[in-house]
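Novice: Here's a structure for you.
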Amino acid sequence: MHAGLQGLLAGSPCIRSAAESDAVWDKFIPPVTYTILSQSNSLSSTPPKSEELYMALCDNPVLIDEGNMSFSLDKWSGKKCYMIAAKRLRIAWGDTPNYWTRKSLLESRSVHFFHHPFKEAAKLHFVCWLEIRGRIETHMLSPSTTYKAYLVYKLTKRTYGLDWPAVVKVGARAYGFDYECPGLKEITTGIKHTAILVPQRKIQGHLARHHEINEVRFPNESRADGWLEMELGEFHCQGDEDVKLEMICCETSMGKSGLLVQGIESGIPMASESDYHQFVATRFERPSGLCACGNGLVWFNWDTLDDLGQDTG
């Protein structure tokens with residue numbers, strides 16, 4: 001929490017009371033959240049306070065769609081976020097045990113276990129044709145919001161061929177589209193191979209020299225759950241589209257192995273502190289707060305976080 005806001009709450013009990021009230025926190029929770037949770041059996045018989053629910057959904061995604069997806073909230077914007085489980089993705093040769101198998105994520109309860117909700121991931125043994133595709137209805141997303149899609153994965157000890165650039169893409173397609181029409185080659189024609197799934201610090205020197213580093217992207221290694229994420233692209237959701245969002249990662253020119261895929265995530269880019277203050281402001285009638293305190297009013301502004309202490313006597 002911003003230091004100025006901490007001081008403000010400490011010095012103004014009425015504002016602290018408002019900040020802890022369900023009525024205030026309900027403004028931060030998307031209305032459809034309760035419907036989603038009721039379908040996932042995630043609400044207890046005694047519903048939590050709104051603040052507790054908001055924080056829980058920010059830190060602990062819940063399973064929906066019979067375990068094929070997870071749902072969470074972005075802590076800094078309150079926007080809806082989803083991850084599509086590996087078993088729900090369209091993975092070429094994914095049902096052929098010689099190429100792909102399912103690996104239980106329950107076998108090793110590491111410190112990172114509780115950061116991901118899925119019970120299993122897709123493990124790549126060997127393919128030349130790497131094709132991973134996912135889709136989500138845009139009406140599920142928060143309106144007027146720019147989303148980024150990420151492939152969430154790990155590398156196994158026997159990783160091979162993943163240090164060659166892959167094609168990544170995010171785009172809208174007609175509702176009910178067929179994965180096979182048009183095919184992968186037609187969809188990705190003309191798109192540069194820019195995504196290297198191996199972290200830059202591990203790439204061999206000759207490959208680093210062969211590919212212009214400023215033309216490729218490498219995975220983010222700073223996720224709290226210990227997994228890697230490769231950005232696939234972004235999409236601005238207006239809120240009135242009747243389309244599906246398709247997310248693609250593919251490379252079909254050489255053999256590769258050693259990939260463990262958890263899923264594809266549709267999330268919100270990291271927000272700045274000013275974005276957070278704007279988010280808070282939009283939940284109220286004006287970009288500031290007015291709190292009744294006895295016979296007076298305490299005025300606080302989310303941009304400056306200054307207690308102006310206006311007395312109305």
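A note on labels: chains of the structure tokens are A, B, ... as shown, every chain counts residues from 1, and ligands are counted from 1 in their shown order.
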Which residues, written as number ranges by chain, have at least one atom at most 7 Å from Leu197 (chain A), with only C-alpha atoms counted and residues fewer than 4 positions away on the same chain left out?
Specialist: A: 162-163, 218-219, 230
Novice: Show me, as a PyMOL selection string, the residues that have an atom within 8 Å of region 141-158 of chain A when counting only C-alpha atoms, minus same-chain residues fewer than 2 positions from it.
Specialist: chain A and resi 79-81+137-139+160+170+198+227-240+247+249+257-269
Novice: Looking at only C-alpha atoms, which of A:Leu37, A:Val243, A:Met140, A:Leu124 is the one that sits closest to Leu57 (chain A)?
Specialist: A:Leu37
Novice: State, in Å with one decimal place, the distance from CA of Lys87 (chain A) to CA of Ala122 (chain A).
Specialist: 7.2 Å
Novice: Just asking: which residues within region 64-118 of chain A are strand (DSSP E) according to DSSP, as a ChimeraX atom specification?
Specialist: /A:64,69-73,80-85,90-91,100-104
Novice: Next, write the just-selected residues to a file, as a PDB file, in the first residue's frame, keeping N, CA, C and O atoms as the atom set.
Specialist:
```pdb
ATOM      1  N   ILE A  64     -12.454 -23.542 -12.830  1.00  0.00           N
ATOM      2  CA  ILE A  64     -13.782 -23.445 -13.428  1.00  0.00           C
ATOM      3  C   ILE A  64     -13.820 -24.358 -14.650  1.00  0.00           C
ATOM      4  O   ILE A  64     -12.794 -24.939 -15.030  1.00  0.00           O
ATOM      5  N   MET A  69     -10.082 -24.652 -16.833  1.00  0.00           N
ATOM      6  CA  MET A  69      -9.613 -23.273 -16.785  1.00  0.00           C
ATOM      7  C   MET A  69      -9.507 -22.843 -15.329  1.00  0.00           C
ATOM      8  O   MET A  69     -10.088 -23.468 -14.436  1.00  0.00           O
ATOM      9  N   SER A  70      -8.767 -21.763 -15.112  1.00  0.00           N
ATOM     10  CA  SER A  70      -8.749 -21.140 -13.793  1.00  0.00           C
ATOM     11  C   SER A  70      -9.150 -19.681 -13.931  1.00  0.00           C
ATOM     12  O   SER A  70      -8.967 -19.067 -14.983  1.00  0.00           O
ATOM     13  N   PHE A  71      -9.703 -19.146 -12.842  1.00  0.00           N
ATOM     14  CA  PHE A  71     -10.179 -17.768 -12.813  1.00  0.00           C
ATOM     15  C   PHE A  71      -9.527 -17.044 -11.646  1.00  0.00           C
ATOM     16  O   PHE A  71      -9.395 -17.589 -10.546  1.00  0.00           O
ATOM     17  N   SER A  72      -9.117 -15.800 -11.885  1.00  0.00           N
ATOM     18  CA  SER A  72      -8.530 -14.983 -10.821  1.00  0.00           C
ATOM     19  C   SER A  72      -8.772 -13.513 -11.143  1.00  0.00           C
ATOM     20  O   SER A  72      -9.313 -13.172 -12.196  1.00  0.00           O
ATOM     21  N   LEU A  73      -8.382 -12.647 -10.226  1.00  0.00           N
ATOM     22  CA  LEU A  73      -8.462 -11.206 -10.433  1.00  0.00           C
ATOM     23  C   LEU A  73      -7.064 -10.608 -10.401  1.00  0.00           C
ATOM     24  O   LEU A  73      -6.203 -11.060  -9.636  1.00  0.00           O
ATOM     25  N   LYS A  80     -10.653  -9.342 -14.714  1.00  0.00           N
ATOM     26  CA  LYS A  80     -10.729 -10.804 -14.729  1.00  0.00           C
ATOM     27  C   LYS A  80      -9.558 -11.395 -15.515  1.00  0.00           C
ATOM     28  O   LYS A  80      -9.197 -10.895 -16.581  1.00  0.00           O
ATOM     29  N   CYS A  81      -8.982 -12.460 -14.976  1.00  0.00           N
ATOM     30  CA  CYS A  81      -7.877 -13.164 -15.632  1.00  0.00           C
ATOM     31  C   CYS A  81      -8.206 -14.656 -15.692  1.00  0.00           C
ATOM     32  O   CYS A  81      -8.867 -15.190 -14.803  1.00  0.00           O
ATOM     33  N   TYR A  82      -7.720 -15.305 -16.730  1.00  0.00           N
ATOM     34  CA  TYR A  82      -7.985 -16.732 -16.908  1.00  0.00           C
ATOM     35  C   TYR A  82      -6.714 -17.447 -17.357  1.00  0.00           C
ATOM     36  O   TYR A  82      -5.838 -16.850 -17.988  1.00  0.00           O
ATOM     37  N   MET A  83      -6.634 -18.737 -17.004  1.00  0.00           N
ATOM     38  CA  MET A  83      -5.629 -19.595 -17.610  1.00  0.00           C
ATOM     39  C   MET A  83      -6.322 -20.833 -18.156  1.00  0.00           C
ATOM     40  O   MET A  83      -7.186 -21.411 -17.486  1.00  0.00           O
ATOM     41  N   ILE A  84      -5.968 -21.204 -19.375  1.00  0.00           N
ATOM     42  CA  ILE A  84      -6.509 -22.404 -20.005  1.00  0.00           C
ATOM     43  C   ILE A  84      -5.549 -23.547 -19.723  1.00  0.00           C
ATOM     44  O   ILE A  84      -4.349 -23.452 -20.024  1.00  0.00           O
ATOM     45  N   ALA A  85      -6.040 -24.617 -19.129  1.00  0.00           N
ATOM     46  CA  ALA A  85      -5.194 -25.758 -18.785  1.00  0.00           C
ATOM     47  C   ALA A  85      -4.661 -26.442 -20.035  1.00  0.00           C
ATOM     48  O   ALA A  85      -5.277 -26.394 -21.108  1.00  0.00           O
ATOM     49  N   ARG A  90      -5.179 -26.946 -27.797  1.00  0.00           N
ATOM     50  CA  ARG A  90      -5.063 -27.734 -29.029  1.00  0.00           C
ATOM     51  C   ARG A  90      -3.566 -27.931 -29.269  1.00  0.00           C
ATOM     52  O   ARG A  90      -2.865 -27.036 -29.745  1.00  0.00           O
ATOM     53  N   ILE A  91      -3.044 -29.105 -28.893  1.00  0.00           N
ATOM     54  CA  ILE A  91      -1.624 -29.420 -29.036  1.00  0.00           C
ATOM     55  C   ILE A  91      -1.490 -30.506 -30.100  1.00  0.00           C
ATOM     56  O   ILE A  91      -2.035 -31.604 -29.946  1.00  0.00           O
ATOM     57  N   TRP A 100       3.715 -36.786 -26.689  1.00  0.00           N
ATOM     58  CA  TRP A 100       3.290 -36.017 -25.526  1.00  0.00           C
ATOM     59  C   TRP A 100       2.642 -36.949 -24.499  1.00  0.00           C
ATOM     60  O   TRP A 100       1.950 -37.897 -24.862  1.00  0.00           O
ATOM     61  N   THR A 101       2.856 -36.665 -23.228  1.00  0.00           N
ATOM     62  CA  THR A 101       2.143 -37.360 -22.160  1.00  0.00           C
ATOM     63  C   THR A 101       1.700 -36.335 -21.116  1.00  0.00           C
ATOM     64  O   THR A 101       2.154 -35.187 -21.126  1.00  0.00           O
ATOM     65  N   ARG A 102       0.812 -36.756 -20.250  1.00  0.00           N
ATOM     66  CA  ARG A 102       0.378 -35.901 -19.156  1.00  0.00           C
ATOM     67  C   ARG A 102       1.215 -36.194 -17.913  1.00  0.00           C
ATOM     68  O   ARG A 102       1.407 -37.355 -17.544  1.00  0.00           O
ATOM     69  N   LYS A 103       1.702 -35.145 -17.286  1.00  0.00           N
ATOM     70  CA  LYS A 103       2.516 -35.289 -16.083  1.00  0.00           C
ATOM     71  C   LYS A 103       1.766 -34.691 -14.901  1.00  0.00           C
ATOM     72  O   LYS A 103       1.328 -33.545 -14.948  1.00  0.00           O
ATOM     73  N   SER A 104       1.632 -35.471 -13.843  1.00  0.00           N
ATOM     74  CA  SER A 104       0.940 -34.985 -12.652  1.00  0.00           C
ATOM     75  C   SER A 104       1.765 -33.898 -11.964  1.00  0.00           C
ATOM     76  O   SER A 104       2.981 -34.012 -11.814  1.00  0.00           O
TER      77      SER A 104
END
```
Novice: If you measure from CA of Ser253 (chain A) to CA of Gly226 (chain A), what distance in Å do you get, rounded to one decimal?
Specialist: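 One can read the CA of Ser253 (chain A) to CA of Gly226 (chain A) distance as 29.1 Å.
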Novice: A:Asp178, A:Asp59, A:Glu215, A:Glu131: which is nearest Ala92 (chain A), counting only C-alpha atoms?
Specialist: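 Closest candidate: A:Glu131.
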Novice: Using only C-alpha atoms, can you tell me which of A:Gly176, A:Pro165, A:Gly67, A:Gly255 comes closest to Ser40 (chain A)?
Specialist: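 Of the candidates, the smallest distance to Ser40 (chain A) is held by A:Gly67.
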Novice: So how many Å separate CA of Trp164 (chain A) and CA of Arg217 (chain A), to one decimal?
Specialist: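 Straight-line distance from CA of Trp164 (chain A) to CA of Arg217 (chain A) works out to 11.3 Å.
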